[in-house]
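Visitor: Contents are mmCIF, C-alpha atoms; file name entry-v1.cif:
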data_input
loop_
_atom_site.label_atom_id
_atom_site.label_comp_id
_atom_site.auth_asym_id
_atom_site.auth_seq_id
_atom_site.Cartn_x
_atom_site.Cartn_y
_atom_site.Cartn_z
CA MET A 914 79.26 -39.41 9.03
CA LEU A 915 82.83 -40.50 9.71
CA ARG A 916 83.51 -44.06 8.59
CA THR A 917 86.46 -46.40 8.66
CA LEU A 918 88.11 -47.42 5.41
CA GLU A 919 86.56 -50.91 5.71
CA GLU A 920 83.05 -49.51 6.24
CA THR A 921 83.44 -47.17 3.27
CA VAL A 922 84.71 -49.96 1.01
CA SER A 923 81.67 -52.07 2.02
CA LEU A 924 79.26 -49.24 1.16
CA ILE A 925 80.88 -48.79 -2.26
CA GLU A 926 80.78 -52.55 -2.91
CA GLU A 927 77.08 -52.60 -1.98
CA GLY A 928 76.53 -50.12 -4.82
CA ARG A 929 75.64 -47.16 -2.59
CA ILE A 930 75.90 -43.67 -4.08
CA LEU A 931 78.39 -41.71 -2.01
CA HIS A 932 80.10 -38.35 -1.55
CA ILE A 933 83.39 -38.89 0.27
CA ALA A 934 85.88 -36.49 1.84
CA ALA A 935 89.13 -37.81 3.28
CA ASP A 936 92.87 -37.66 3.26
CA GLU A 937 94.46 -38.78 0.00
CA SER A 938 96.01 -41.84 1.72
CA LEU A 939 92.48 -43.22 2.21
CA LEU A 940 90.76 -42.03 -0.98
CA CYS A 941 93.38 -43.73 -3.15
CA ARG A 942 92.54 -47.11 -1.55
CA LEU A 943 88.84 -47.09 -2.40
CA PRO A 944 87.38 -49.39 -5.06
CA LYS A 945 85.56 -48.34 -8.20
CA GLY A 946 81.93 -47.38 -7.65
CA LYS A 947 79.28 -44.70 -7.60
CA TRP A 948 81.19 -42.06 -5.68
CA ILE A 949 83.03 -38.79 -5.95
CA GLY A 950 85.54 -37.48 -3.46
CA GLY A 951 87.92 -34.75 -2.49
CA THR A 952 90.90 -34.42 -0.19
CA THR A 953 90.83 -32.87 3.27
CA PRO A 954 91.89 -34.15 6.68
CA TYR A 955 89.62 -31.67 8.52
CA PHE A 956 85.99 -32.41 9.33
CA ILE A 957 83.03 -31.39 11.37
CA SER A 958 81.74 -34.75 12.56
CA GLU A 959 79.05 -35.92 14.92
CA GLU A 960 81.89 -35.99 17.52
CA GLY A 961 82.79 -32.36 16.78
CA GLY A 962 85.47 -30.67 14.71
CA ILE A 963 88.25 -33.16 14.06
CA PHE A 964 91.53 -33.58 12.17
CA THR A 965 91.98 -37.18 11.04
CA LYS A 966 93.74 -39.18 8.35
CA GLU A 967 92.29 -42.42 9.74
CA ARG A 968 88.64 -42.03 8.76
CA LEU A 969 86.55 -40.78 5.84
CA PHE A 970 83.53 -38.49 5.90
CA VAL A 971 80.79 -40.19 3.90
CA ASN A 972 77.42 -38.81 2.77
CA GLU A 973 75.10 -41.45 1.38
CA ILE A 974 73.02 -40.08 -1.47
CA ASP A 975 69.99 -42.27 -0.92
CA TYR A 976 67.58 -39.67 -2.28
CA ALA A 977 68.83 -39.97 -5.87
CA GLU A 978 66.63 -41.45 -8.58
CA ASP A 979 69.64 -41.60 -10.87
CA ILE A 980 73.17 -40.19 -11.04
CA LYS A 981 75.87 -39.33 -13.58
CA ILE A 982 79.51 -38.59 -12.78
CA CYS A 983 81.63 -36.37 -15.04
CA SER A 984 84.90 -34.48 -14.83
CA TYR A 985 85.67 -31.09 -16.36
CA GLY A 986 88.63 -28.89 -17.08
CA LYS A 987 88.77 -25.10 -17.13
CA TYR A 988 87.48 -24.91 -20.69
CA ASN A 989 84.26 -26.83 -20.16
CA VAL A 990 83.36 -26.64 -16.47
CA PHE A 991 80.21 -24.62 -17.19
CA GLN A 992 78.79 -27.53 -19.17
CA ILE A 993 77.38 -28.43 -15.75
CA VAL A 994 74.51 -26.08 -16.61
CA GLU A 995 73.64 -28.10 -19.74
CA GLU A 996 74.43 -31.60 -18.51
CA CYS A 997 72.60 -31.52 -15.18
CA PHE A 998 69.24 -33.20 -14.64
CA ASP A 999 66.28 -30.90 -15.11
CA ASN A 1000 65.11 -31.57 -11.56
CA GLY A 1001 68.16 -32.40 -9.54
CA LEU A 1002 71.21 -31.34 -7.65
CA THR A 1003 74.75 -30.97 -8.92
CA MET A 1004 77.51 -31.75 -6.45
CA ILE A 1005 80.88 -30.41 -7.55
CA ILE A 1006 84.40 -30.70 -6.07
CA MET A 1007 87.40 -28.74 -7.38
CA PRO A 1008 91.02 -28.84 -6.22
CA TYR A 1009 92.40 -25.82 -4.36
CA GLY A 1010 94.78 -23.78 -6.48
CA SER A 1011 93.60 -25.34 -9.76
CA GLU A 1012 92.84 -23.33 -12.87
CA VAL A 1013 89.39 -24.89 -13.06
CA ALA A 1014 88.59 -23.59 -9.56
CA ALA A 1015 89.91 -20.12 -10.49
CA LYS A 1016 87.86 -20.08 -13.70
CA TYR A 1017 84.73 -21.24 -11.86
CA SER A 1018 85.19 -18.64 -9.14
CA ARG A 1019 85.65 -15.78 -11.64
CA GLU A 1020 82.88 -16.63 -14.07
CA ALA A 1021 80.12 -18.50 -12.23
CA PRO A 1022 78.15 -15.40 -11.15
CA GLU A 1023 77.74 -14.35 -14.77
CA VAL A 1024 76.80 -17.74 -16.19
CA GLU A 1025 73.26 -17.70 -17.57
CA GLU A 1026 70.94 -20.27 -16.04
CA LEU A 1027 73.34 -21.22 -13.23
CA LEU A 1028 70.84 -20.18 -10.57
CA MET A 1029 68.17 -22.32 -12.23
CA HIS A 1030 69.96 -25.54 -11.24
CA PRO A 1031 71.00 -26.16 -7.62
CA VAL A 1032 74.77 -26.54 -7.36
CA VAL A 1033 76.56 -27.35 -4.12
CA GLY A 1034 80.14 -28.34 -3.49
CA TRP A 1035 83.55 -27.50 -2.21
CA ILE A 1036 87.19 -26.88 -2.89
CA SER A 1037 89.35 -29.79 -1.78
CA GLY A 1038 92.41 -29.11 0.35
CA PHE A 1039 95.15 -30.72 2.38
CA ASP A 1040 96.89 -30.84 5.74
CA LEU A 1041 98.05 -27.25 6.30
CA SER A 1042 101.17 -28.47 8.10
CA GLU A 1043 102.42 -30.26 4.99
CA ALA A 1044 103.27 -29.19 1.46
CA ALA A 1045 100.62 -31.30 -0.23
CA GLU A 1046 98.39 -31.11 -3.28
CA ALA A 1047 94.61 -30.97 -3.28
CA LYS A 1048 92.90 -33.68 -5.33
CA VAL A 1049 89.45 -34.74 -6.46
CA TYR A 1050 88.36 -38.29 -7.34
CA ASP A 1051 85.95 -39.74 -9.85
CA GLY A 1052 85.09 -43.06 -8.20
CA SER A 1053 83.44 -44.40 -11.37
CA THR A 1054 86.82 -44.43 -13.15
CA LEU A 1055 89.11 -44.31 -10.10
CA LYS A 1056 90.86 -41.32 -11.61
CA ALA A 1057 92.31 -38.62 -9.36
CA TYR A 1058 92.80 -35.07 -10.59
CA THR A 1059 94.67 -31.99 -9.43
CA ASP A 1060 93.46 -29.88 -12.37
CA ARG A 1061 89.88 -30.97 -13.03
CA ALA A 1062 86.52 -30.66 -11.30
CA VAL A 1063 84.38 -33.72 -10.63
CA ALA A 1064 80.63 -33.40 -10.65
CA MET A 1065 77.91 -35.78 -9.60
CA TYR A 1066 74.54 -35.02 -11.14
CA ILE A 1067 71.78 -36.28 -8.89
CA ARG A 1068 68.29 -36.70 -10.31
CA LEU A 1069 65.44 -36.11 -7.88
CA SER A 1070 61.90 -37.41 -8.13
CA GLY A 1071 59.33 -34.91 -9.41
CA GLU A 1072 57.93 -34.01 -6.02
CA LYS A 1073 61.33 -33.18 -4.52
CA SER A 1074 63.49 -30.05 -4.80
CA ALA A 1075 67.02 -29.30 -3.65
CA MET A 1076 67.60 -26.08 -1.73
CA VAL A 1077 71.15 -24.85 -1.32
CA ASN A 1078 71.78 -22.39 1.47
CA MET A 1079 74.52 -20.98 3.66
CA ILE A 1080 75.35 -19.69 7.11
CA ASN A 1081 77.52 -16.60 7.22
CA ILE A 1082 78.34 -14.74 10.42
CA PHE A 1083 79.34 -11.57 8.59
CA SER A 1084 77.28 -8.59 7.50
CA ASP A 1085 77.99 -4.94 6.83
CA ASP A 1086 77.28 -1.49 8.17
CA LYS A 1087 75.58 0.51 5.43
CA THR A 1088 77.20 3.71 6.71
CA ASP A 1089 80.68 2.30 5.92
CA PRO A 1090 82.30 3.34 2.62
CA VAL A 1091 81.45 1.45 -0.55
CA ILE A 1092 84.39 -0.30 -2.22
CA ARG A 1093 84.36 -1.18 -5.92
CA PHE A 1094 86.94 -3.00 -8.03
CA PRO A 1095 87.74 -2.37 -11.69
CA GLU A 1096 87.90 -6.05 -12.72
CA ASN A 1097 86.74 -9.56 -11.85
CA ASP A 1098 89.94 -10.83 -10.27
CA LEU A 1099 91.51 -12.84 -7.48
CA LYS A 1100 93.83 -9.91 -6.72
CA ALA A 1101 93.60 -6.12 -6.69
CA LYS A 1102 95.94 -3.15 -6.53
CA LYS A 1103 93.40 -0.41 -7.08
CA CYS A 1104 89.83 0.06 -6.01
CA SER A 1105 87.44 2.94 -5.53
CA VAL A 1106 86.26 3.94 -2.07
CA ASN A 1107 83.06 6.00 -2.23
CA GLY A 1108 84.00 6.80 -5.83
CA GLN A 1109 87.60 7.88 -5.14
CA GLU A 1110 90.29 5.70 -6.71
CA VAL A 1111 92.78 4.50 -4.11
CA ASP A 1112 95.54 1.96 -3.62
CA PHE A 1113 93.67 -0.89 -1.89
CA ALA A 1114 96.56 -2.22 0.25
CA GLU A 1115 97.38 1.34 1.29
CA HIS A 1116 93.72 1.98 2.17
CA ILE A 1117 93.64 -1.11 4.43
CA LYS A 1118 96.80 -0.01 6.26
CA LYS A 1119 95.84 3.65 6.50
CA LYS A 1120 92.39 2.95 7.92
CA GLY A 1121 93.66 0.26 10.30
CA ILE A 1122 91.29 -2.32 8.81
CA ASP A 1123 91.75 -5.87 10.09
CA PRO A 1124 92.50 -7.91 6.94
CA GLY A 1125 91.08 -10.93 8.78
CA MET A 1126 87.65 -9.38 8.19
CA PRO A 1127 86.27 -10.29 4.77
CA LEU A 1128 84.79 -7.93 2.26
CA VAL A 1129 81.05 -8.55 2.09
CA ALA A 1130 78.60 -7.96 -0.72
CA ASP A 1131 74.89 -7.73 -0.03
CA HIS A 1132 72.97 -9.87 -2.53
CA ASN A 1133 69.44 -8.88 -1.56
CA GLY A 1134 70.07 -9.73 2.10
CA SER A 1135 72.32 -12.74 1.50
CA TYR A 1136 75.86 -11.67 2.36
CA ILE A 1137 78.67 -13.12 0.29
CA ASN A 1138 82.21 -12.90 1.64
CA THR A 1139 85.48 -12.34 -0.11
CA SER A 1140 88.29 -13.10 2.30
CA ILE A 1141 91.75 -11.60 2.01
CA LYS A 1142 94.47 -14.19 1.39
CA GLY A 1143 97.46 -11.89 1.65
CA MET A 1144 99.04 -8.52 0.90
CA GLU A 1145 102.35 -8.46 -0.95
CA ASP A 1146 104.13 -5.86 -3.06
CA GLY A 1147 101.18 -3.50 -2.89
CA GLU A 1148 98.78 -6.15 -4.16
CA VAL A 1149 95.94 -7.69 -2.20
CA SER A 1150 95.03 -11.31 -3.05
CA PHE A 1151 91.70 -12.96 -2.26
CA PHE A 1152 90.43 -16.51 -1.63
CA ALA A 1153 87.53 -15.81 -4.01
CA PRO A 1154 87.38 -13.12 -6.69
CA VAL A 1155 86.04 -9.62 -6.42
CA PHE A 1156 83.65 -8.55 -9.20
CA ARG A 1157 83.58 -5.25 -11.00
CA ASN A 1158 79.81 -4.74 -10.84
CA ILE A 1159 79.47 -5.45 -7.11
CA GLU A 1160 79.49 -3.07 -4.16
CA TYR A 1161 81.60 -4.22 -1.22
CA ARG A 1162 82.12 -3.08 2.33
CA PHE A 1163 84.40 -4.53 4.96
CA ALA A 1164 82.46 -6.81 7.30
CA THR A 1165 81.45 -5.39 10.63
CA PRO A 1166 83.97 -6.66 13.20
CA VAL A 1167 82.82 -9.72 15.15
CA SER A 1168 83.92 -9.60 18.79
CA ASP A 1169 83.48 -13.31 19.57
CA TYR A 1170 83.79 -15.35 16.38
CA ALA A 1171 83.02 -18.71 18.00
CA ALA A 1172 79.96 -17.40 19.89
CA GLU A 1173 78.57 -15.66 16.80
CA PHE A 1174 79.01 -18.83 14.79
CA GLU A 1175 77.26 -20.88 17.44
CA LYS A 1176 74.37 -18.39 17.49
CA ARG A 1177 73.84 -18.71 13.73
CA ILE A 1178 73.96 -22.51 13.94
CA THR A 1179 71.36 -22.53 16.72
CA GLU A 1180 69.01 -20.44 14.56
CA LYS A 1181 69.10 -23.19 11.93
CA LYS A 1182 69.02 -26.20 14.23
CA ASN A 1183 65.81 -27.55 12.65
CA CYS A 1184 67.45 -27.95 9.24
CA GLU A 1185 67.87 -31.43 7.82
CA PRO A 1186 70.87 -31.07 5.52
CA VAL A 1187 71.84 -33.94 3.26
CA PHE A 1188 75.20 -32.27 2.73
CA ALA A 1189 77.19 -29.57 4.51
CA CYS A 1190 80.70 -28.20 4.31
CA ASN A 1191 82.41 -25.49 6.30
CA CYS A 1192 85.32 -23.19 5.54
CA ILE A 1193 88.72 -23.87 7.08
CA LEU A 1194 88.77 -20.20 8.17
CA ASN A 1195 85.62 -20.79 10.25
CA TYR A 1196 87.22 -23.96 11.63
CA GLN A 1197 90.34 -22.06 12.69
CA LYS A 1198 88.88 -18.71 13.76
CA GLY A 1199 85.74 -20.24 15.27
CA ASN A 1200 87.84 -22.74 17.28
CA LEU A 1201 85.66 -25.54 15.96
CA GLU A 1202 88.07 -28.36 16.78
CA GLY A 1203 86.22 -30.58 19.24
CA LYS A 1204 83.01 -28.51 18.92
CA LYS A 1205 79.75 -30.08 17.75
CA ILE A 1206 77.66 -28.06 15.34
CA ALA A 1207 74.93 -30.58 14.50
CA PRO A 1208 73.31 -30.98 12.06
CA PHE A 1209 75.94 -29.36 9.82
CA GLU A 1210 78.49 -32.14 9.62
CA GLY A 1211 80.82 -32.54 6.67
CA PRO A 1212 84.24 -31.70 5.29
CA VAL A 1213 86.15 -28.58 6.29
CA THR A 1214 87.08 -26.98 3.01
CA PHE A 1215 89.29 -24.51 1.18
CA GLY A 1216 86.26 -22.88 -0.44
CA GLU A 1217 82.56 -23.61 -0.63
CA VAL A 1218 80.24 -23.72 -3.61
CA ALA A 1219 76.64 -22.58 -3.39
CA TYR A 1220 76.09 -21.88 -7.10
CA GLN A 1221 79.18 -19.66 -7.08
CA LEU A 1222 82.38 -19.94 -5.06
CA LEU A 1223 82.05 -18.62 -1.51
CA ASN A 1224 84.43 -18.41 1.39
CA GLN A 1225 84.40 -18.17 5.17
CA THR A 1226 80.94 -19.68 4.93
CA LEU A 1227 79.08 -22.83 5.92
CA VAL A 1228 77.17 -24.21 2.93
CA TYR A 1229 74.46 -26.84 3.14
CA CYS A 1230 71.80 -28.48 1.04
CA GLU A 1231 68.36 -29.78 1.97
CA ILE A 1232 66.01 -31.92 -0.06
CA LEU A 1233 62.48 -30.59 0.27
CA GLY A 1234 59.19 -32.29 -0.52
CA MET B 1162 51.95 -15.19 -11.58
CA GLU B 1163 49.18 -13.18 -9.91
CA ALA B 1164 49.09 -9.51 -10.89
CA VAL B 1165 49.50 -8.35 -7.30
CA VAL B 1166 52.64 -10.48 -6.84
CA GLN B 1167 54.05 -9.30 -10.16
CA GLU B 1168 53.53 -5.66 -9.17
CA LYS B 1169 55.35 -6.26 -5.89
CA ILE B 1170 58.20 -8.10 -7.60
CA GLU B 1171 58.58 -5.11 -9.93
CA LEU B 1172 58.86 -2.85 -6.88
CA ILE B 1173 61.44 -5.21 -5.33
CA LEU B 1174 63.49 -5.15 -8.54
CA GLN B 1175 63.30 -1.34 -8.58
CA ARG B 1176 64.45 -1.39 -4.91
CA LYS B 1177 61.26 0.41 -3.86
CA LEU B 1178 60.22 -2.55 -1.72
CA ARG B 1179 62.55 -4.75 0.33
CA TYR B 1180 62.11 -8.50 0.47
CA THR B 1181 64.74 -11.01 1.56
CA SER B 1182 64.01 -14.67 0.97
CA ALA B 1183 65.24 -17.59 3.05
CA ASN B 1184 66.34 -19.06 -0.29
CA LEU B 1185 69.86 -18.08 -1.29
CA ALA B 1186 69.29 -18.67 -5.01
CA PHE B 1187 66.21 -16.44 -5.05
CA ASN B 1188 68.13 -13.62 -3.32
CA MET B 1189 71.02 -14.00 -5.76
CA LEU B 1190 68.60 -13.93 -8.67
CA ILE B 1191 66.82 -10.81 -7.38
CA SER B 1192 70.19 -9.13 -6.92
CA LYS B 1193 71.28 -10.12 -10.44
CA MET B 1194 68.05 -8.77 -11.94
CA GLN B 1195 68.38 -5.51 -9.96
CA LYS B 1196 71.85 -4.99 -11.44
CA ARG B 1197 70.59 -5.84 -14.92
CA LEU B 1198 67.85 -3.24 -14.51
CA ASP B 1199 70.35 -0.67 -13.24
CA SER B 1200 72.19 -0.89 -16.55
CA ASP B 1201 69.09 -1.30 -18.73
CA PRO B 1202 65.79 -0.15 -17.16
CA SER B 1203 63.86 -1.31 -20.24
CA CYS B 1204 64.45 -5.01 -19.49
CA MET B 1205 61.90 -5.28 -16.67
CA LYS B 1206 59.75 -7.72 -18.66
CA ASP B 1207 62.70 -10.09 -19.21
CA CYS B 1208 63.70 -9.88 -15.57
CA ILE B 1209 60.18 -10.71 -14.42
CA ALA B 1210 60.09 -13.62 -16.87
CA GLU B 1211 63.37 -14.98 -15.52
CA LEU B 1212 62.15 -14.74 -11.93
CA GLU B 1213 58.87 -16.37 -12.90
CA SER B 1214 60.72 -19.28 -14.57
CA PHE B 1215 62.64 -19.82 -11.34
CA LEU B 1216 59.50 -19.74 -9.20
CA VAL B 1217 57.63 -22.09 -11.55
CA LYS B 1218 60.54 -24.53 -11.66
CA TYR B 1219 60.77 -24.81 -7.88
CA PRO B 1220 57.17 -24.65 -6.63
CA ILE B 1221 57.94 -26.25 -3.25
CA VAL B 1222 60.60 -23.64 -2.53
CA ALA B 1223 58.68 -20.77 -4.16
CA LYS B 1224 55.40 -21.28 -2.28
CA VAL B 1225 56.63 -19.47 0.85
CA ASP B 1226 58.22 -16.63 -1.14
CA LEU B 1227 55.09 -16.02 -3.21
CA ALA B 1228 52.93 -15.92 -0.09
CA ASN B 1229 55.36 -13.57 1.67
CA ILE B 1230 55.63 -11.24 -1.32
CA ALA B 1231 51.85 -11.12 -1.73
CA ALA B 1232 51.58 -10.09 1.91
CA LEU B 1233 54.09 -7.21 1.64
#
Translate the structure of the given file into structure tokens.
Guide:
Amino acid sequence: MLRTLEETVSLIEEGRILHIAADESLLCRLPKGKWIGGTTPYFISEEGGIFTKERLFVNEIDYAEDIKICSYGKYNVFQIVEECFDNGLTMIIMPYGSEVAAKYSREAPEVEELLMHPVVGWISGFDLSEAAEAKVYDGSTLKAYTDRAVAMYIRLSGEKSAMVNMINIFSDDKTDPVIRFPENDLKAKKCSVNGQEVDFAEHIKKKGIDPGMPLVADHNGSYINTSIKGMEDGEVSFFAPVFRNIEYRFATPVSDYAAEFEKRITEKKNCEPVFACNCILNYQKGNLEGKKIAPFEGPVTFGEVAYQLLNQTLVYCEILG
Amino acid sequence: MEAVVQEKIELILQRKLRYTSANLAFNMLISKMQKRLDSDPSCMKDCIAELESFLVKYPIVAKVDLANIAAL
């Protein structure tokens, strides 16, 4: 929930274990303690979608038996698979535009054992109206990073399990052409469409495809989006990478983004998430400012992590048992 | 894992039977194993073992999936 700076400081001083999302001006004033944090001034709160630099979004992790906090660079970020608790949850925050986030996004789907350990998290961001830098914070050392990931390993008691899930309004039409890419990359010039090699940017223009629609990949019924960031000099860039061994299609157009989003939220209204985050693209395109989407309150993010990096998705975690 | 469930999981991995879980990680794992089998059809045993490890590790989450798969 949204808290004032004073309330958050009190919780830290009481020794509570916390996940905190807030503007940098607030995060840098917090005392040392058992917390990790990331920058964003956008939130989905109990009052609805909100932009604020006056309050912090705080999740209390009162279900932990134990925690460890670590930070990682691009060369060792996948140590999270070895260093996590056997029965637990890993919460990870990475700065937008950092090499560690790019490395994680490109390689996570191929990391052995990653799916055996629940990982949830987000990509920290900034006020889109300013030229700012995304940061993450390790509250145990009070260090802030623009180039490292922070992870909190949360140990759960034996009878509990963490389940990481997502809400995605997009799906595909199986009669649409299949798109494949030659490499795992955050950008693409070429792709194949139903087996024919084409210039991807040209294909989008020629077919009149709305680049606001993400590419979607069907992972056994769970649709994972790859949203287009931009098209420049014949190259298409993405918010999350495309992968060479995955079949993509453009998402089926959604006529009323906000209504579709609301419908999906309603279907999951009985969830009891201990953590949720939602993509800034959903916030903007779904007109979520001022809208309540209980119980999925949390930071609005520049990327979401549910094992691998996702985008244009709401990610949440429940503790079962 | 019961033989009947294992047989059905094999069919799911061969894409002869369709099952979508409410658990994202299980769907991602099935999808990963399907792709592994596409490139090497002889690794069915390893794929089943990996899925079984997942289901054994998370019994609370797996209970529903196992019941649903058995009923397919």
Visitor: Nearest to chain B: which of A:Thr952, A:Ser1018, A:Ser1135, A:Thr1165 is it, counting all atoms listed in the file?
Guide: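 Smallest distance to chain B is found for A:Ser1135.
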Visitor: Using Å and a single decimal, report how far atom CA of A:Ser1070 sits from atom CA of B:Leu1212.
Guide: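 Going from atom CA of B:Leu1212 over to atom CA of A:Ser1070 covers 23.0 Å.
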Visitor: Contacts between chain B and chain A, please, where a residue of chain A counts if it comes within 12 Å (with only C-alpha atoms); show its shortest atom pair and distance in Å to one decimal, rows by chain and ascending number, as a tab-separated table.
Guide:
residue	atom	partner	partner_atom	distance
A:Asp999	CA	B:Lys1218	CA	9.2
A:Asn1000	CA	B:Lys1218	CA	8.4
A:Gly1001	CA	B:Tyr1219	CA	10.7
A:Pro1022	CA	B:Lys1193	CA	8.7
A:Glu1023	CA	B:Lys1193	CA	8.9
A:Val1024	CA	B:Lys1193	CA	11.0
A:Glu1025	CA	B:Glu1211	CA	10.5
A:Glu1026	CA	B:Glu1211	CA	9.2
A:Leu1027	CA	B:Ala1186	CA	9.5
A:Leu1028	CA	B:Ala1186	CA	6.0
A:Met1029	CA	B:Phe1215	CA	6.1
A:His1030	CA	B:Phe1215	CA	9.3
A:Pro1031	CA	B:Ala1186	CA	8.1
A:Val1032	CA	B:Ala1186	CA	9.9
A:Val1033	CA	B:Ala1186	CA	11.4
A:Gly1071	CA	B:Tyr1219	CA	10.3
A:Glu1072	CA	B:Ile1221	CA	8.2
A:Lys1073	CA	B:Ile1221	CA	7.8
A:Ser1074	CA	B:Tyr1219	CA	6.7
A:Ala1075	CA	B:Val1222	CA	8.6
A:Met1076	CA	B:Asn1184	CA	7.3
A:Val1077	CA	B:Leu1185	CA	6.9
A:Asn1078	CA	B:Leu1185	CA	5.5
A:Met1079	CA	B:Leu1185	CA	7.4
A:Ile1080	CA	B:Leu1185	CA	10.2
A:Asn1081	CA	B:Leu1185	CA	11.5
A:Ala1130	CA	B:Ser1192	CA	10.5
A:Asp1131	CA	B:Ser1192	CA	8.5
A:His1132	CA	B:Ser1192	CA	5.2
A:Asn1133	CA	B:Asn1188	CA	5.2
A:Gly1134	CA	B:Thr1181	CA	5.5
A:Ser1135	CA	B:Asn1188	CA	6.4
A:Tyr1136	CA	B:Leu1185	CA	9.5
A:Ile1137	CA	B:Met1189	CA	9.8
A:Arg1157	CA	B:Lys1196	CA	11.7
A:Asn1158	CA	B:Lys1196	CA	8.0
A:Ile1159	CA	B:Lys1196	CA	8.8
A:Glu1160	CA	B:Lys1196	CA	10.7
A:Lys1181	CA	B:Ala1183	CA	11.2
A:Ala1219	CA	B:Leu1185	CA	8.4
A:Tyr1220	CA	B:Ala1186	CA	7.8
A:Gln1221	CA	B:Met1189	CA	10.0
A:Val1228	CA	B:Leu1185	CA	10.4
A:Tyr1229	CA	B:Leu1185	CA	10.8
A:Cys1230	CA	B:Leu1185	CA	10.8
A:Glu1231	CA	B:Val1222	CA	10.9
A:Ile1232	CA	B:Val1222	CA	10.2
A:Leu1233	CA	B:Ile1221	CA	7.2
A:Gly1234	CA	B:Ile1221	CA	6.7
Visitor: For this file, the PyMOL selection byres ((chain A and resi 922-934) around 9) selects which residues, as a ChimeraX atom specification?
Guide: /A:917-921,935-936,940,942-954,956,969-975,977,980,1004,1037,1065,1188,1211-1212
Visitor: Using the chain letters and numbers from the file, give me the residues hit by the PyMOL selection byres ((chain A and resi 1068) around 6), as a list in words.
Guide: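 Expected selection for the PyMOL selection byres ((chain A and resi 1068) around 6) here is Ala977, Glu978, Asp979, Phe998, Gly1001, Ile1067 and Leu1069 of chain A.
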Visitor: So what do you get for atom CA of A:Arg916 versus atom CA of A:Gly1216, distance-wise?
Guide: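 Computing it gives 23.2 Å between the two atoms.
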